[in-house]
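K.L.:
Below is the structure I would like to discuss, written out as structure tokens.
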Amino acid sequence: MFTRRGFGKAVGVGVSAAGASMAGLPTAAEAVTTPEALPTPGGTSAAGATSDPGAPGGFGVPGGFGRLKQIRAGELDIGYVETGPAHGPAVVLLHGWPYDIHSFAEVAPLLAARGHRVIVPYLRGHGTTTFLSSTTFRNAQQSVVALDIVALLDALRIERAVLAGFDWGSRTADIIAALWPERCRALVSVTGYLITNRERQRLPLAAKAEWAWWYQYYFATERGRQGLHDNTRDLARLVWTFNSPTWRFDEATFERTATAFDHPDHVDIVIHNYRWRLGLAEGDPRYDGLEKRLAAGPAIAVPTVTLDGEKDPFTPAGDGTAYRDKFTGPYAHHTLTGIGHNVPQEAPGAFAEAVLEANRLAGA
């Protein structure tokens, strides 16, 4: 098992199955300064072109995390941070809910220091990612979120990337690896295989597991929708505390992320995501074919590293065995001792090393 002591903040100790070392990586303190809150941009960029609110005189993220940019991709104007050499091998880091790009504020510069071009986008309904049309269905079914990232790769002219994520980000990366493996060089997935089968979701889990999903059921009610609208920050803070019981984040760290929820579509996107999973909200019929393929539980053949946080309430028992057969290519698994759900922010060094390990499995 990886340990919090070994991989909490400092880097320089190898954590891969082969015992590879990250010697030469700067520590988190050396690599990044505290990013500031990111305001919503005033407009959208031309299709396939980026605007840079982080340019001199604009908004941005100081330090090694990169500059905030915008690019039109699919039905969205996607806000993202980019750091590292422009022609380096691409890595896309994907957050979940109730989190944002700042989960990777320490991971991104570590990977950039090893020569990677690192892209960290806001998912739909978060931060500076906005819909191009006011009439677009505020849909958050799993295939659509994955298509957002494929569209982002297209807009940035990135053929293949290492995809790495947690929570919604794991599911999104898993889907791309399963359905469009030609776009995914390698995969890092926290909590393993998270592709949703809605029919199976109808079946109850063990009582303790059901308890961990309390907010999913809360959001199934109109009371829960109103609660998310009225108490967005309080709910997010509670989920952070529940999901990561050993992580002692401060208020500044929380507020840095919470600004991403000040978004006109945030409530609609979050509610639709959780209701859709439970079969309580319909998706877009245009994506029924994709969802049928995903419901079949397709195997993932790209090189993969899976991570489990030992203290994560959603980590399945068995040290990765519950989902091992879903990964048919080169594979490694690690459990992070003392770490909860938000792995990249709680253990940035271990997460960065997992990305490097996945790249090695792909033959780098």
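Every chain in the structure tokens has a letter given in the order shown (A, B, ...), and although residue numbers restart at 1 in each chain, ligands are simply numbered from 1 in the order shown.
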Counting only C-alpha atoms, what is within 8 Å of Val270 in chain A, bar same-chain residues fewer than 4 positions away, as a ChimeraX atom specification?

P.N.:
/A:97,125,140,266,274

K.L.:
Convert the current residue selection to file output with C-alpha atoms, as a short mmCIF file (atom, residue, chain, number, x, y, z; two decimals), in the first residue's frame.

P.N.:
data_model
loop_
_atom_site.label_atom_id
_atom_site.label_comp_id
_atom_site.auth_asym_id
_atom_site.auth_seq_id
_atom_site.Cartn_x
_atom_site.Cartn_y
_atom_site.Cartn_z
CA TRP A 97 -18.21 16.66 -7.95
CA GLY A 125 -21.63 23.04 -15.09
CA ALA A 140 -25.13 15.26 -17.62
CA HIS A 266 -24.36 23.95 -11.79
CA TYR A 274 -27.36 11.78 -10.19
#

K.L.:
Could the residues of range 192-233 of chain A that have an atom at most 12 Å from range 141-156 of chain A be listed as a tab-separated table, each with its closest atom pair and the distance in Å to one decimal, counting only C-alpha atoms and ordered by chain and ascending residue number?

P.N.:
residue	atom	partner	partner_atom	distance
A:Leu194	CA	A:Gln142	CA	10.2
A:Ile195	CA	A:Gln142	CA	8.0
A:Thr196	CA	A:Gln142	CA	7.6
A:Asn197	CA	A:Gln142	CA	10.3
A:Arg198	CA	A:Gln142	CA	10.7

K.L.:
Quick one: which range 149-239 of chain A residues come within 12 Å of range 288-300 of chain A, and what is the nearest atom pair for each with the distance in Å to one decimal, counting only C-alpha atoms, rows ordered by chain and ascending number, as JSON lines?

P.N.:
{"residue": "A:Arg171", "atom": "CA", "partner": "A:Leu294", "partner_atom": "CA", "distance": 10.9}
{"residue": "A:Thr172", "atom": "CA", "partner": "A:Leu294", "partner_atom": "CA", "distance": 11.5}
{"residue": "A:Ala173", "atom": "CA", "partner": "A:Ile300", "partner_atom": "CA", "distance": 10.5}
{"residue": "A:Asp174", "atom": "CA", "partner": "A:Ile300", "partner_atom": "CA", "distance": 7.5}
{"residue": "A:Ile175", "atom": "CA", "partner": "A:Leu294", "partner_atom": "CA", "distance": 7.5}
{"residue": "A:Ile176", "atom": "CA", "partner": "A:Ile300", "partner_atom": "CA", "distance": 9.4}
{"residue": "A:Ala177", "atom": "CA", "partner": "A:Ile300", "partner_atom": "CA", "distance": 6.1}
{"residue": "A:Ala178", "atom": "CA", "partner": "A:Ile300", "partner_atom": "CA", "distance": 4.9}
{"residue": "A:Leu179", "atom": "CA", "partner": "A:Pro298", "partner_atom": "CA", "distance": 8.0}
{"residue": "A:Trp180", "atom": "CA", "partner": "A:Ile300", "partner_atom": "CA", "distance": 10.0}
{"residue": "A:Pro181", "atom": "CA", "partner": "A:Ile300", "partner_atom": "CA", "distance": 8.1}
{"residue": "A:Glu182", "atom": "CA", "partner": "A:Ile300", "partner_atom": "CA", "distance": 11.7}
{"residue": "A:Cys184", "atom": "CA", "partner": "A:Ile300", "partner_atom": "CA", "distance": 10.5}
{"residue": "A:Arg185", "atom": "CA", "partner": "A:Ile300", "partner_atom": "CA", "distance": 11.8}
{"residue": "A:Ala186", "atom": "CA", "partner": "A:Ile300", "partner_atom": "CA", "distance": 10.2}
{"residue": "A:Leu187", "atom": "CA", "partner": "A:Ile300", "partner_atom": "CA", "distance": 9.3}
{"residue": "A:Val188", "atom": "CA", "partner": "A:Ile300", "partner_atom": "CA", "distance": 11.7}
{"residue": "A:Ser189", "atom": "CA", "partner": "A:Ile300", "partner_atom": "CA", "distance": 11.3}
{"residue": "A:Gly192", "atom": "CA", "partner": "A:Ile300", "partner_atom": "CA", "distance": 10.8}
{"residue": "A:Tyr193", "atom": "CA", "partner": "A:Ile300", "partner_atom": "CA", "distance": 8.9}
{"residue": "A:Leu194", "atom": "CA", "partner": "A:Gly297", "partner_atom": "CA", "distance": 9.6}
{"residue": "A:Ile195", "atom": "CA", "partner": "A:Leu294", "partner_atom": "CA", "distance": 6.7}
{"residue": "A:Thr196", "atom": "CA", "partner": "A:Ala295", "partner_atom": "CA", "distance": 6.5}
{"residue": "A:Asn197", "atom": "CA", "partner": "A:Ala295", "partner_atom": "CA", "distance": 4.4}
{"residue": "A:Arg198", "atom": "CA", "partner": "A:Ala295", "partner_atom": "CA", "distance": 7.1}
{"residue": "A:Glu199", "atom": "CA", "partner": "A:Ala295", "partner_atom": "CA", "distance": 8.0}
{"residue": "A:Arg200", "atom": "CA", "partner": "A:Ala295", "partner_atom": "CA", "distance": 8.8}
{"residue": "A:Gln201", "atom": "CA", "partner": "A:Ala295", "partner_atom": "CA", "distance": 10.6}

K.L.:
Ranking A:Leu110, A:Ile269, A:Ala252, A:Ala86 by minimum distance to Phe137 in chain A and counting only C-alpha atoms, which one comes first?

P.N.:
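Ranking A:Leu110, A:Ile269, A:Ala252, A:Ala86 by distance to Phe137 in chain A, first place goes to A:Ile269.
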
K.L.:
Give the answer as one residue: which of A:Gln70, A:His126, A:Leu76, A:Leu93 has the shortest atom-to-atom distance to Asp265 in chain A, using only C-alpha atoms?

P.N.:
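Checking each of A:Gln70, A:His126, A:Leu76, A:Leu93 against Asp265 in chain A, counting only C-alpha atoms, the winner is A:His126.
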
K.L.:
Where in range 193-343 of chain A does DSSP assign alpha helix (DSSP H), given as a ChimeraX atom specification?

P.N.:
/A:198-201,207-212,214-218,222-230,232-243,251-258,266-277,288-295,343

K.L.:
Interatomic distance between CA of Glu75 in chain A and CA of Ser103 in chain A?

P.N.:
24.8 Å

K.L.:
Write out as a ChimeraX atom specification each polymer residue whose atoms come within 9 Å of range 220-235 of chain A, counting only C-alpha atoms; drop sequence neighbours fewer than 4 positions from it.

P.N.:
/A:98,215-216,239-240,254-255,258,261-262,266-268,270-271,274-275,278,280

K.L.:
Please measure the separation of CA of Arg183 in chain A and CA of Gly309 in chain A, giving the value in Å to one decimal.

P.N.:
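CA of Gly309 in chain A lies 27.0 Å from CA of Arg183 in chain A.
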
K.L.:
For Phe314 in chain A, which residue out of A:Thr191, A:Ser134, A:Thr259, A:Thr83 is the nearest one, using only C-alpha atoms?

P.N.:
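Among the listed residues, the smallest separation from Phe314 in chain A belongs to A:Thr191.
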
K.L.:
In terms of the shortest atom-to-atom distance over only C-alpha atoms, which of A:Phe327, A:Tyr99, A:Tyr80, A:Phe166 is closest to Thr130 in chain A?

P.N.:
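Under the stated criterion, the closest residue is A:Tyr80.
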
K.L.:
When you count only C-alpha atoms, which of these residues is closest to Gly79 in chain A: A:His272, A:Arg67, A:Arg157, A:Arg202?

P.N.:
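Among the listed residues, the smallest separation from Gly79 in chain A belongs to A:Arg67.
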
K.L.:
Expressed in Å to a single decimal, how great is the separation between CA of Thr257 in chain A and CA of His102 in chain A?

P.N.:
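Taking CA of Thr257 in chain A and CA of His102 in chain A, their separation equals 6.3 Å.
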
K.L.:
Could you please write out, as a VMD selection string, every residue of range 166-209 of chain A that DSSP assigns to strand (DSSP E or B)?

P.N.:
chain A and resid 184 to 190

K.L.:
Neighbouring residues of range 245-249 of chain A were defined as those with any atom within 12 Å, considering only C-alpha atoms; residues of the same chain fewer than 6 positions away were excluded. Please report them as a PyMOL selection string.

P.N.:
chain A and resi 4+8+103+237-239+255-257+309-313+337-347

K.L.:
Store the residues picked out above, limited to N, CA, C and O atoms, as a CSV table (one decimal), in the first residue's frame.

P.N.:
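Contents of out-v2.csv, as written:
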chain,number,residue,atom,x,y,z
A,4,ARG,N,0.2,7.6,3.4
A,4,ARG,CA,0.1,9.1,3.4
A,4,ARG,C,1.5,9.7,3.7
A,4,ARG,O,1.8,10.7,3.2
A,8,GLY,N,2.1,12.1,0.8
A,8,GLY,CA,1.2,13.2,1.1
A,8,GLY,C,1.4,14.4,0.3
A,8,GLY,O,0.6,14.9,-0.5
A,103,SER,N,-8.2,20.4,-7.7
A,103,SER,CA,-7.8,19.1,-7.2
A,103,SER,C,-6.4,18.7,-7.8
A,103,SER,O,-5.7,17.9,-7.2
A,237,ARG,N,-19.0,21.2,1.3
A,237,ARG,CA,-18.1,21.1,2.4
A,237,ARG,C,-18.3,19.8,3.2
A,237,ARG,O,-17.4,19.1,3.6
A,238,LEU,N,-19.6,19.5,3.4
A,238,LEU,CA,-20.0,18.3,4.1
A,238,LEU,C,-19.5,17.0,3.3
A,238,LEU,O,-19.0,16.1,3.9
A,239,VAL,N,-19.7,17.0,2.0
A,239,VAL,CA,-19.3,15.9,1.2
A,239,VAL,C,-17.8,15.8,1.2
A,239,VAL,O,-17.2,14.7,1.3
A,255,GLU,N,-12.7,27.3,-0.4
A,255,GLU,CA,-13.3,28.4,-1.2
A,255,GLU,C,-12.7,28.5,-2.6
A,255,GLU,O,-13.4,29.0,-3.5
A,256,ARG,N,-11.5,28.2,-2.7
A,256,ARG,CA,-10.8,28.3,-4.0
A,256,ARG,C,-11.6,27.4,-5.0
A,256,ARG,O,-11.7,27.8,-6.2
A,257,THR,N,-12.0,26.2,-4.6
A,257,THR,CA,-12.8,25.3,-5.4
A,257,THR,C,-14.3,25.8,-5.5
A,257,THR,O,-14.9,25.7,-6.6
A,309,GLY,N,-8.3,4.9,-2.6
A,309,GLY,CA,-8.0,5.5,-1.3
A,309,GLY,C,-8.6,4.7,-0.2
A,309,GLY,O,-9.7,4.3,-0.1
A,310,GLU,N,-7.7,4.3,0.7
A,310,GLU,CA,-8.1,3.4,1.8
A,310,GLU,C,-9.2,3.9,2.6
A,310,GLU,O,-10.1,3.2,3.0
A,311,LYS,N,-9.3,5.2,2.8
A,311,LYS,CA,-10.3,5.8,3.6
A,311,LYS,C,-11.5,6.4,2.8
A,311,LYS,O,-12.4,7.0,3.3
A,312,ASP,N,-11.5,6.1,1.5
A,312,ASP,CA,-12.6,6.5,0.6
A,312,ASP,C,-13.8,5.7,0.9
A,312,ASP,O,-13.7,4.4,0.8
A,313,PRO,N,-15.0,6.3,1.3
A,313,PRO,CA,-16.1,5.4,1.6
A,313,PRO,C,-16.7,4.7,0.4
A,313,PRO,O,-17.5,3.7,0.5
A,337,THR,N,-2.8,4.2,1.5
A,337,THR,CA,-3.1,4.1,3.0
A,337,THR,C,-3.4,5.5,3.5
A,337,THR,O,-2.6,6.5,3.3
A,338,GLY,N,-4.5,5.7,4.3
A,338,GLY,CA,-4.8,6.9,4.9
A,338,GLY,C,-5.4,8.0,4.0
A,338,GLY,O,-5.5,9.1,4.5
A,339,ILE,N,-5.7,7.7,2.8
A,339,ILE,CA,-6.1,8.6,1.8
A,339,ILE,C,-7.6,8.4,1.5
A,339,ILE,O,-8.1,7.3,1.5
A,340,GLY,N,-8.4,9.5,1.3
A,340,GLY,CA,-9.8,9.4,1.0
A,340,GLY,C,-10.1,9.5,-0.4
A,340,GLY,O,-9.3,9.1,-1.3
A,341,HIS,N,-11.2,10.2,-0.7
A,341,HIS,CA,-11.8,10.1,-2.1
A,341,HIS,C,-11.0,11.1,-3.1
A,341,HIS,O,-10.8,10.7,-4.2
A,342,ASN,N,-10.6,12.2,-2.6
A,342,ASN,CA,-10.0,13.2,-3.5
A,342,ASN,C,-8.5,13.0,-3.6
A,342,ASN,O,-7.6,13.7,-3.1
A,343,VAL,N,-8.2,11.9,-4.2
A,343,VAL,CA,-6.8,11.4,-4.2
A,343,VAL,C,-5.8,12.4,-4.8
A,343,VAL,O,-4.7,12.6,-4.1
A,344,PRO,N,-6.0,13.1,-5.9
A,344,PRO,CA,-5.0,14.0,-6.4
A,344,PRO,C,-4.7,15.1,-5.5
A,344,PRO,O,-3.5,15.6,-5.5
A,345,GLN,N,-5.6,15.6,-4.7
A,345,GLN,CA,-5.4,16.7,-3.8
A,345,GLN,C,-4.8,16.2,-2.4
A,345,GLN,O,-4.1,16.9,-1.8
A,346,GLU,N,-5.2,15.0,-2.0
A,346,GLU,CA,-4.7,14.5,-0.8
A,346,GLU,C,-3.4,13.9,-0.9
A,346,GLU,O,-2.6,13.9,0.0
A,347,ALA,N,-3.1,13.3,-2.1
A,347,ALA,CA,-1.8,12.6,-2.3
A,347,ALA,C,-1.3,13.0,-3.7
A,347,ALA,O,-1.2,12.1,-4.6
